[in-house]
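Q: I am sharing run.cif, which consists of mmCIF, C-alpha atoms:
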```
data_data
#
loop_
_atom_site.group_PDB
_atom_site.id
_atom_site.type_symbol
_atom_site.label_atom_id
_atom_site.label_comp_id
_atom_site.auth_asym_id
_atom_site.auth_seq_id
_atom_site.Cartn_x
_atom_site.Cartn_y
_atom_site.Cartn_z
ATOM 1 C CA MET E 718 -16.015 -5.043 17.005
ATOM 2 C CA GLY E 719 -15.389 -1.625 18.535
ATOM 3 C CA GLU E 720 -13.587 -3.207 21.458
ATOM 4 C CA ALA E 721 -11.564 -5.367 19.054
ATOM 5 C CA VAL E 722 -10.503 -2.278 17.088
ATOM 6 C CA ALA E 723 -9.469 -0.458 20.272
ATOM 7 C CA ARG E 724 -7.542 -3.495 21.518
ATOM 8 C CA CYS E 725 -5.680 -4.034 18.238
ATOM 9 C CA ALA E 726 -4.964 -0.331 17.861
ATOM 10 C CA GLY E 727 -3.536 -0.313 21.374
ATOM 11 C CA VAL E 728 -0.749 -2.672 20.324
ATOM 12 C CA ASP E 729 -0.091 -1.046 16.935
ATOM 13 C CA ALA E 730 2.957 1.210 17.199
ATOM 14 C CA ASP E 731 1.765 3.341 14.275
ATOM 15 C CA VAL E 732 -1.530 4.475 15.803
ATOM 16 C CA THR E 733 -2.910 5.902 19.021
ATOM 17 C CA VAL E 734 -6.451 5.487 20.297
ATOM 18 C CA ALA E 735 -7.674 9.077 20.709
ATOM 19 C CA GLY E 736 -11.054 8.064 22.066
ATOM 20 C CA LYS E 737 -13.989 5.665 21.974
ATOM 21 C CA ILE E 738 -17.643 6.554 21.552
ATOM 22 C CA ASP E 739 -20.886 4.764 22.359
ATOM 23 C CA ALA E 740 -24.576 5.664 22.172
ATOM 24 C CA GLY E 741 -25.295 8.871 24.069
ATOM 25 C CA ASP E 742 -21.704 10.142 24.079
ATOM 26 C CA ASP E 743 -20.651 13.573 22.781
ATOM 27 C CA LEU E 744 -19.706 12.869 19.153
ATOM 28 C CA ALA E 745 -18.029 16.208 18.415
ATOM 29 C CA ALA E 746 -15.855 15.965 21.532
ATOM 30 C CA ALA E 747 -14.822 12.417 20.663
ATOM 31 C CA LEU E 748 -13.831 13.407 17.122
ATOM 32 C CA ALA E 749 -11.922 16.541 18.079
ATOM 33 C CA GLY E 750 -8.676 14.797 18.985
ATOM 34 C CA CYS E 751 -8.438 12.213 16.196
ATOM 35 C CA ASP E 752 -7.262 12.020 12.592
ATOM 36 C CA ALA E 753 -9.370 9.051 11.508
ATOM 37 C CA VAL E 754 -12.537 7.298 12.649
ATOM 38 C CA VAL E 755 -13.166 3.551 12.470
ATOM 39 C CA ASP E 756 -16.885 2.787 12.670
ATOM 40 C CA PHE E 757 -18.462 -0.547 13.569
ATOM 41 C CA SER E 758 -21.692 0.639 15.136
ATOM 42 C CA HIS E 759 -25.310 0.640 13.964
ATOM 43 C CA HIS E 760 -26.898 1.639 10.681
ATOM 44 C CA THR E 761 -29.137 4.212 12.407
ATOM 45 C CA PHE E 762 -26.031 6.195 13.431
ATOM 46 C CA THR E 763 -24.189 6.192 10.106
ATOM 47 C CA ARG E 764 -25.584 9.390 8.584
ATOM 48 C CA GLU E 765 -24.860 11.388 11.726
ATOM 49 C CA LEU E 766 -21.308 10.082 11.867
ATOM 50 C CA VAL E 767 -20.609 10.678 8.171
ATOM 51 C CA THR E 768 -21.939 14.236 8.466
ATOM 52 C CA ALA E 769 -19.743 14.961 11.495
ATOM 53 C CA CYS E 770 -16.615 13.491 9.878
ATOM 54 C CA ARG E 771 -17.243 15.472 6.697
ATOM 55 C CA ASP E 772 -17.731 18.727 8.607
ATOM 56 C CA MET E 773 -14.695 18.121 10.857
ATOM 57 C CA LYS E 774 -12.547 16.699 8.025
ATOM 58 C CA LYS E 775 -11.854 13.332 9.683
ATOM 59 C CA LEU E 776 -10.789 10.326 7.603
ATOM 60 C CA LEU E 777 -13.474 7.652 7.850
ATOM 61 C CA VAL E 778 -13.483 3.855 7.754
ATOM 62 C CA ILE E 779 -17.003 2.357 7.748
ATOM 63 C CA GLY E 780 -17.509 -1.283 8.676
ATOM 64 C CA THR E 781 -21.168 -1.037 9.692
ATOM 65 C CA THR E 782 -23.468 -3.267 7.618
ATOM 66 C CA GLY E 783 -27.216 -3.412 7.059
ATOM 67 C CA LEU E 784 -27.295 0.106 5.588
ATOM 68 C CA SER E 785 -30.215 1.255 3.449
ATOM 69 C CA ALA E 786 -29.766 2.238 -0.184
ATOM 70 C CA GLY E 787 -30.379 5.845 0.863
ATOM 71 C CA THR E 788 -27.614 5.761 3.452
ATOM 72 C CA GLU E 789 -25.186 4.208 0.977
ATOM 73 C CA ALA E 790 -26.030 6.986 -1.471
ATOM 74 C CA PHE E 791 -25.376 9.521 1.308
ATOM 75 C CA ILE E 792 -21.922 7.967 1.881
ATOM 76 C CA ARG E 793 -21.130 8.201 -1.825
ATOM 77 C CA GLU E 794 -22.153 11.859 -1.835
ATOM 78 C CA ALA E 795 -19.991 12.629 1.216
ATOM 79 C CA SER E 796 -16.996 10.949 -0.415
ATOM 80 C CA GLY E 797 -16.923 13.810 -2.887
ATOM 81 C CA SER E 798 -15.218 15.885 -0.208
ATOM 82 C CA LEU E 799 -13.929 13.220 2.210
ATOM 83 C CA PRO E 800 -11.718 10.128 1.829
ATOM 84 C CA ILE E 801 -13.812 7.138 2.959
ATOM 85 C CA VAL E 802 -13.119 3.423 3.021
ATOM 86 C CA PHE E 803 -16.464 1.601 2.997
ATOM 87 C CA ALA E 804 -16.298 -2.189 2.900
ATOM 88 C CA PRO E 805 -18.494 -5.100 4.005
ATOM 89 C CA ASN E 806 -15.484 -6.945 5.396
ATOM 90 C CA TYR E 807 -11.989 -5.791 6.402
ATOM 91 C CA SER E 808 -10.322 -9.192 6.620
ATOM 92 C CA VAL E 809 -7.387 -9.601 4.234
ATOM 93 C CA GLY E 810 -8.469 -13.218 3.736
ATOM 94 C CA VAL E 811 -12.045 -12.301 2.840
ATOM 95 C CA ASN E 812 -10.891 -9.663 0.389
ATOM 96 C CA THR E 813 -8.715 -12.320 -1.208
ATOM 97 C CA LEU E 814 -11.908 -14.426 -1.396
ATOM 98 C CA PHE E 815 -13.641 -11.557 -3.218
ATOM 99 C CA TRP E 816 -10.809 -11.492 -5.763
ATOM 100 C CA LEU E 817 -10.777 -15.289 -6.163
ATOM 101 C CA THR E 818 -14.562 -15.364 -6.567
ATOM 102 C CA ARG E 819 -14.399 -12.967 -9.480
ATOM 103 C CA LYS E 820 -11.615 -14.930 -11.173
ATOM 104 C CA ALA E 821 -13.255 -18.310 -10.584
ATOM 105 C CA THR E 822 -16.578 -17.094 -11.973
ATOM 106 C CA GLU E 823 -14.848 -15.768 -15.092
ATOM 107 C CA ILE E 824 -13.002 -19.074 -15.601
ATOM 108 C CA LEU E 825 -15.815 -21.531 -14.824
ATOM 109 C CA GLY E 826 -18.449 -19.771 -16.885
ATOM 110 C CA PRO E 827 -22.211 -20.316 -17.217
ATOM 111 C CA ASP E 828 -22.218 -24.121 -16.824
ATOM 112 C CA PHE E 829 -21.868 -23.854 -13.031
ATOM 113 C CA ASP E 830 -24.749 -23.136 -10.651
ATOM 114 C CA LEU E 831 -23.866 -20.407 -8.131
ATOM 115 C CA GLU E 832 -24.702 -20.526 -4.417
ATOM 116 C CA VAL E 833 -23.541 -18.546 -1.367
ATOM 117 C CA VAL E 834 -23.753 -19.904 2.192
ATOM 118 C CA GLU E 835 -22.878 -17.819 5.245
ATOM 119 C CA MET E 836 -22.958 -18.565 8.982
ATOM 120 C CA HIS E 837 -22.701 -16.159 11.909
ATOM 121 C CA HIS E 838 -23.325 -16.034 15.650
ATOM 122 C CA ASN E 839 -26.849 -15.954 17.012
ATOM 123 C CA LYS E 840 -26.674 -12.250 17.923
ATOM 124 C CA LYS E 841 -26.192 -10.954 14.381
ATOM 125 C CA ILE E 842 -29.132 -8.759 13.450
ATOM 126 C CA ASP E 843 -28.833 -8.385 9.650
ATOM 127 C CA SER E 844 -29.166 -11.053 6.976
ATOM 128 C CA PRO E 845 -27.544 -11.852 4.674
ATOM 129 C CA SER E 846 -24.209 -10.600 5.925
ATOM 130 C CA GLY E 847 -22.591 -7.712 4.096
ATOM 131 C CA THR E 848 -19.833 -10.080 3.022
ATOM 132 C CA ALA E 849 -22.296 -12.594 1.575
ATOM 133 C CA ARG E 850 -24.061 -9.808 -0.264
ATOM 134 C CA ARG E 851 -20.777 -8.611 -1.776
ATOM 135 C CA LEU E 852 -19.958 -12.165 -2.889
ATOM 136 C CA ALA E 853 -23.351 -12.439 -4.582
ATOM 137 C CA GLU E 854 -22.870 -9.019 -6.189
ATOM 138 C CA ILE E 855 -19.574 -10.238 -7.663
ATOM 139 C CA LEU E 856 -21.255 -13.397 -8.982
ATOM 140 C CA CYS E 857 -24.044 -11.325 -10.518
ATOM 141 C CA ASP E 858 -21.652 -8.812 -12.037
ATOM 142 C CA VAL E 859 -19.562 -11.438 -13.804
ATOM 143 C CA SER E 860 -22.583 -13.545 -14.828
ATOM 144 C CA GLU E 861 -24.612 -10.546 -16.039
ATOM 145 C CA LEU E 862 -27.347 -11.125 -13.478
ATOM 146 C CA ASP E 863 -29.186 -8.596 -11.311
ATOM 147 C CA TYR E 864 -28.818 -8.848 -7.529
ATOM 148 C CA ASN E 865 -32.322 -7.595 -6.722
ATOM 149 C CA ASN E 866 -34.060 -9.836 -9.245
ATOM 150 C CA ASP E 867 -31.869 -12.928 -9.532
ATOM 151 C CA VAL E 868 -30.665 -13.694 -5.980
ATOM 152 C CA ARG E 869 -32.853 -16.333 -4.265
ATOM 153 C CA HIS E 870 -32.822 -15.993 -0.485
ATOM 154 C CA GLY E 871 -33.352 -19.571 0.659
ATOM 155 C CA ARG E 872 -35.880 -21.970 -0.838
ATOM 156 C CA PHE E 873 -39.103 -23.262 0.625
ATOM 157 C CA GLY E 874 -41.940 -25.290 -0.839
ATOM 158 C CA ASN E 875 -42.506 -26.293 -4.439
ATOM 159 C CA VAL E 876 -40.240 -23.727 -6.056
ATOM 160 C CA GLY E 877 -39.531 -25.775 -9.170
ATOM 161 C CA ALA E 878 -36.233 -26.737 -10.713
ATOM 162 C CA ARG E 879 -33.305 -24.415 -10.274
ATOM 163 C CA THR E 880 -32.890 -21.991 -13.169
ATOM 164 C CA LYS E 881 -29.614 -20.800 -14.641
ATOM 165 C CA ARG E 882 -30.522 -17.170 -13.916
ATOM 166 C CA GLU E 883 -30.269 -17.289 -10.146
ATOM 167 C CA VAL E 884 -27.755 -17.111 -7.317
ATOM 168 C CA GLY E 885 -28.777 -18.966 -4.165
ATOM 169 C CA MET E 886 -28.245 -17.165 -0.852
ATOM 170 C CA HIS E 887 -28.450 -18.992 2.460
ATOM 171 C CA ALA E 888 -27.930 -17.541 5.960
ATOM 172 C CA VAL E 889 -27.265 -19.766 8.990
ATOM 173 C CA ARG E 890 -27.243 -18.440 12.572
ATOM 174 C CA GLY E 891 -25.998 -20.151 15.708
ATOM 175 C CA GLY E 892 -23.609 -20.153 18.640
ATOM 176 C CA ASP E 893 -20.602 -17.847 18.621
ATOM 177 C CA VAL E 894 -19.508 -18.239 14.984
ATOM 178 C CA VAL E 895 -17.486 -15.165 14.012
ATOM 179 C CA GLY E 896 -18.108 -15.582 10.285
ATOM 180 C CA ASP E 897 -18.009 -18.375 7.694
ATOM 181 C CA HIS E 898 -18.570 -17.753 3.990
ATOM 182 C CA THR E 899 -18.625 -20.271 1.144
ATOM 183 C CA VAL E 900 -19.148 -19.750 -2.567
ATOM 184 C CA ILE E 901 -20.296 -22.934 -4.319
ATOM 185 C CA TYR E 902 -19.910 -23.625 -8.042
ATOM 186 C CA ALA E 903 -21.823 -26.809 -8.938
ATOM 187 C CA ALA E 904 -21.923 -28.448 -12.369
ATOM 188 C CA GLN E 905 -22.504 -31.907 -13.775
ATOM 189 C CA GLY E 906 -19.822 -34.191 -12.342
ATOM 190 C CA GLU E 907 -17.881 -31.631 -10.326
ATOM 191 C CA ARG E 908 -18.126 -28.920 -7.678
ATOM 192 C CA VAL E 909 -15.774 -26.111 -6.670
ATOM 193 C CA GLU E 910 -16.038 -24.409 -3.270
ATOM 194 C CA LEU E 911 -14.239 -21.304 -2.039
ATOM 195 C CA THR E 912 -14.432 -20.883 1.742
ATOM 196 C CA HIS E 913 -13.213 -18.422 4.322
ATOM 197 C CA LYS E 914 -13.663 -18.996 8.066
ATOM 198 C CA ALA E 915 -12.893 -16.359 10.667
ATOM 199 C CA SER E 916 -12.081 -17.480 14.210
ATOM 200 C CA SER E 917 -11.382 -14.044 15.707
ATOM 201 C CA ARG E 918 -12.772 -10.546 15.220
ATOM 202 C CA ASP E 919 -9.196 -9.273 15.431
ATOM 203 C CA THR E 920 -8.680 -10.054 11.749
ATOM 204 C CA PHE E 921 -11.407 -7.531 10.844
ATOM 205 C CA ALA E 922 -10.116 -4.992 13.359
ATOM 206 C CA GLN E 923 -6.552 -5.188 12.041
ATOM 207 C CA GLY E 924 -7.786 -4.743 8.484
ATOM 208 C CA ALA E 925 -9.817 -1.684 9.442
ATOM 209 C CA ILE E 926 -6.802 -0.131 11.165
ATOM 210 C CA ARG E 927 -4.737 -0.854 8.067
ATOM 211 C CA ALA E 928 -7.400 0.936 6.005
ATOM 212 C CA ALA E 929 -7.313 3.962 8.313
ATOM 213 C CA LYS E 930 -3.541 4.234 7.954
ATOM 214 C CA TRP E 931 -3.809 3.843 4.169
ATOM 215 C CA LEU E 932 -6.331 6.701 3.947
ATOM 216 C CA ARG E 933 -3.812 9.311 5.099
ATOM 217 C CA GLY E 934 -2.720 11.213 2.014
ATOM 218 C CA GLN E 935 -5.490 9.826 -0.206
ATOM 219 C CA PRO E 936 -7.686 12.268 -2.114
ATOM 220 C CA ALA E 937 -11.408 12.508 -1.432
ATOM 221 C CA GLY E 938 -13.228 9.489 -2.772
ATOM 222 C CA LEU E 939 -14.973 6.239 -1.943
ATOM 223 C CA TYR E 940 -12.632 3.275 -1.493
ATOM 224 C CA ASP E 941 -12.873 -0.297 -0.260
ATOM 225 C CA MET E 942 -10.387 -2.937 0.909
ATOM 226 C CA GLN E 943 -9.629 -3.975 -2.650
ATOM 227 C CA ASP E 944 -8.092 -0.500 -3.044
ATOM 228 C CA VAL E 945 -6.277 -0.708 0.297
ATOM 229 C CA LEU E 946 -4.744 -4.083 -0.622
ATOM 230 C CA GLY E 947 -3.959 -3.140 -4.242
ATOM 231 C CA LEU E 948 -6.247 -5.843 -5.682
ATOM 232 C CA ARG E 949 -7.930 -3.635 -8.282
#
```
Is it possible to express this structure as structure tokens?

A:
Amino acid sequence: MGEAVARCAGVDADVTVAGKIDAGDDLAAALAGCDAVVDFSHHTFTRELVTACRDMKKLLVIGTTGLSAGTEAFIREASGSLPIVFAPNYSVGVNTLFWLTRKATEILGPDFDLEVVEMHHNKKIDSPSGTARRLAEILCDVSELDYNNDVRHGRFGNVGARTKREVGMHAVRGGDVVGDHTVIYAAQGERVELTHKASSRDTFAQGAIRAAKWLRGQPAGLYDMQDVLGLR
């Protein structure tokens, strides 16, 4: 993803790539010449990066997933003095899916069983994907369910009949799949499915660059792509 961001930024007339950083590089030196940072790295690096951006007053776009609850709380705290966009997915299409999922859940109501299926390449290290988690969080929010207690991560063995107070979550891994996400609404006699399929990482990179440009002039706070796209 970092290479995709650099490549897409290189052909965007509104931005300039000030530098790239990898494990072991000098973080302070890399940040010195930039206005904004776009991060798609590793969850073990996030706190260090957020601290440096806060201290050096650099706008920050975070696309790293698999963060702990403590790290997410640290990001929220830092956003009190720094504008941050923190989103599980920067694709315009996926953020439209988030919006549609909320509306569909409100319209269809409690008669529909709710399931989320995601598929990614065989190198992805976290599960479920941040995007799938956000979809399930939306389903839980509208349906007055609790993510930690009511999301069922796969099913194995004699688990009994499906209850109405659950959201199924299923992660598939294989090949070079960039990212597929489907929300399933299943009721007696009918089924509705909302699906987004990504065929290139460039769509995420372009969205992240758009978020970085949007951050300029924004007050300190924690934002996501729904804010960037005006979907609130």

Q: How many Å lie between atom CA of E:His870 and atom CA of E:Val833, rounded to one decimal?

A: 9.7 Å

Q: Show me, as a Markdown table, the residues of stretch 802-885 of chain E having an atom within 8 Å of stretch 906-925 of chain E, each with the closest atom pair and its distance in Å, using all atoms listed in the file.

A:
```
| residue | atom | partner | partner_atom | distance |
| --- | --- | --- | --- | --- |
| E:Asn806 | CA | E:Phe921 | CA | 6.8 |
| E:Tyr807 | CA | E:Phe921 | CA | 4.8 |
| E:Ser808 | CA | E:Phe921 | CA | 4.7 |
| E:Val809 | CA | E:Gly924 | CA | 6.5 |
| E:Gly810 | CA | E:His913 | CA | 7.1 |
| E:Val811 | CA | E:His913 | CA | 6.4 |
| E:Leu814 | CA | E:His913 | CA | 7.1 |
| E:Thr818 | CA | E:Leu911 | CA | 7.5 |
```

Q: Would you output that residue set with C-alpha atoms, as a CSV table (one decimal), in the frame of the given file?

A:
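What landed in result-v3.csv:
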```csv
chain,number,residue,atom,x,y,z
E,806,ASN,CA,-15.5,-6.9,5.4
E,807,TYR,CA,-12.0,-5.8,6.4
E,808,SER,CA,-10.3,-9.2,6.6
E,809,VAL,CA,-7.4,-9.6,4.2
E,810,GLY,CA,-8.5,-13.2,3.7
E,811,VAL,CA,-12.0,-12.3,2.8
E,814,LEU,CA,-11.9,-14.4,-1.4
E,818,THR,CA,-14.6,-15.4,-6.6
```

Q: Using only C-alpha atoms, which of the listed residues (E:His760, E:Lys775, E:Lys840, E:Arg890) sits closest to E:Leu799?

A: E:Lys775

Q: Could you write out as a list in words the residues that the PyMOL selection byres ((chain E and resi 773) around 12) matches in the shown file?

A: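 Selection result, ordered by chain and number: Leu744, Ala745, Ala746, Ala747, Leu748, Ala749, Gly750, Cys751, Asp752, Ala753, Val754, Leu766, Val767, Thr768, Ala769, Cys770, Arg771, Asp772, Lys774, Lys775, Leu776, Leu777, Ser798 and Leu799 of chain E.
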
Q: Taking into account only C-alpha atoms, which residue in the set E:Ala730, E:Leu946, E:Val876, E:Val859 is nearest to E:Ile824?

A: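 Closest to E:Ile824, using only C-alpha atoms: E:Val859.
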
Q: Given the file shown, enumerate the residues that the PyMOL selection byres ((chain E and resi 941) around 8) captures and present them as a list in words.

A: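 In the shown coordinates, the PyMOL selection byres ((chain E and resi 941) around 8) covers Val802, Phe803, Ala804, Leu939, Tyr940, Met942, Gln943, Asp944 and Val945 of chain E.
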
Q: Please produce a file of the residues just selected, as a tab-separated table (two decimals), keeping the file's coordinate frame, where the atoms kept are C-alpha atoms.

A:
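Saved result, result_35.tsv, follows:
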```
chain	number	residue	atom	x	y	z
E	802	VAL	CA	-13.12	3.42	3.02
E	803	PHE	CA	-16.46	1.60	3.00
E	804	ALA	CA	-16.30	-2.19	2.90
E	939	LEU	CA	-14.97	6.24	-1.94
E	940	TYR	CA	-12.63	3.28	-1.49
E	942	MET	CA	-10.39	-2.94	0.91
E	943	GLN	CA	-9.63	-3.98	-2.65
E	944	ASP	CA	-8.09	-0.50	-3.04
E	945	VAL	CA	-6.28	-0.71	0.30
```

Q: I'd like the residues picked by the PyMOL selection byres ((chain E and resi 884) around 12) written out as a PyMOL selection string, using the chain letters and numbers from the file.

A: chain E and resi 827+829-834+849-850+852-872+879-883+885-887+900-903

Q: Pick out the closest residue to E:His837 from this set: E:Pro805, E:Gly783, E:Gly874, E:Gly892. Count only C-alpha atoms.

A: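 Distance minimum relative to E:His837 lands on E:Gly892.
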
Q: Distance atom CA of E:Thr848-atom CA of E:Ala904, one decimal place?

A: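 The value is 24.1 Å.
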
Q: May I have the centre and edge lengths, in Å to one decimal, of an axis-aligned box around the listed atoms of stretch 934-941 of chain E with 4 Å added to every side, as AutoDock Vina command-line options?

A:
```
--center_x -8.8 --center_y 6.1 --center_z -0.4 --size_x 20.3 --size_y 20.8 --size_z 12.8
```

Q: Find the residue from E:Val732, E:Ile792, E:Ile779, E:Ala723 that sits nearest to E:Gly938; use only C-alpha atoms when measuring.

A: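 Between E:Val732, E:Ile792, E:Ile779, E:Ala723, the residue approaching E:Gly938 most closely is E:Ile792.
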
Q: Interatomic distance between atom CA of E:Phe762 and atom CA of E:Ser846?

A: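 One can read the atom CA of E:Phe762 to atom CA of E:Ser846 distance as 18.5 Å.
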
Q: With distances taken over all atoms listed in the file, which residue among E:Val894, E:Lys930, E:Thr761, E:Gly947 lies nearest E:Thr733?

A: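 Selected residue with least distance to E:Thr733: E:Lys930.
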
Q: Counting all atoms listed in the file, figure out which residue out of E:Arg851, E:Ala929, E:Glu794, E:Asn839 gets nearest to E:Val755.

A: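 That would be E:Ala929, the residue with the smallest distance to E:Val755.
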
Q: Where atoms are absent from stretch 808-825 of chain E, fill them in so it carries N, CA and C atoms, then output it as a compact mmCIF listing (two decimals), in the frame of the given file.

A:
```txt
# COMPACT_ATOMS: atom_id res chain seq x y z
N SER E 808 -11.29 -8.11 6.55
CA SER E 808 -10.32 -9.19 6.62
C SER E 808 -9.53 -9.28 5.31
N VAL E 809 -8.22 -9.42 5.43
CA VAL E 809 -7.39 -9.60 4.23
C VAL E 809 -7.78 -10.90 3.54
N GLY E 810 -8.08 -11.94 4.32
CA GLY E 810 -8.47 -13.22 3.74
C GLY E 810 -9.77 -13.13 2.97
N VAL E 811 -10.76 -12.44 3.53
CA VAL E 811 -12.04 -12.30 2.84
C VAL E 811 -11.89 -11.48 1.57
N ASN E 812 -11.09 -10.45 1.60
CA ASN E 812 -10.89 -9.66 0.39
C ASN E 812 -10.14 -10.44 -0.68
N THR E 813 -9.30 -11.39 -0.26
CA THR E 813 -8.72 -12.32 -1.21
C THR E 813 -9.81 -13.22 -1.78
N LEU E 814 -10.77 -13.63 -0.93
CA LEU E 814 -11.91 -14.43 -1.40
C LEU E 814 -12.72 -13.66 -2.43
N PHE E 815 -12.94 -12.37 -2.22
CA PHE E 815 -13.64 -11.56 -3.22
C PHE E 815 -12.92 -11.64 -4.57
N TRP E 816 -11.61 -11.47 -4.53
CA TRP E 816 -10.81 -11.49 -5.76
C TRP E 816 -10.87 -12.87 -6.42
N LEU E 817 -10.73 -13.93 -5.63
CA LEU E 817 -10.78 -15.29 -6.16
C LEU E 817 -12.15 -15.62 -6.73
N THR E 818 -13.20 -15.11 -6.09
CA THR E 818 -14.56 -15.36 -6.57
C THR E 818 -14.76 -14.78 -7.96
N ARG E 819 -14.28 -13.57 -8.15
CA ARG E 819 -14.40 -12.97 -9.48
C ARG E 819 -13.64 -13.78 -10.53
N LYS E 820 -12.42 -14.18 -10.21
CA LYS E 820 -11.62 -14.93 -11.17
C LYS E 820 -12.22 -16.30 -11.45
N ALA E 821 -12.68 -16.98 -10.40
CA ALA E 821 -13.26 -18.31 -10.58
C ALA E 821 -14.52 -18.25 -11.43
N THR E 822 -15.34 -17.24 -11.21
CA THR E 822 -16.58 -17.09 -11.97
C THR E 822 -16.27 -16.83 -13.44
N GLU E 823 -15.25 -16.02 -13.71
CA GLU E 823 -14.85 -15.77 -15.09
C GLU E 823 -14.36 -17.05 -15.77
N ILE E 824 -13.60 -17.86 -15.03
CA ILE E 824 -13.00 -19.07 -15.60
C ILE E 824 -14.04 -20.18 -15.79
N LEU E 825 -14.89 -20.40 -14.79
CA LEU E 825 -15.82 -21.53 -14.82
C LEU E 825 -16.98 -21.31 -15.77
```
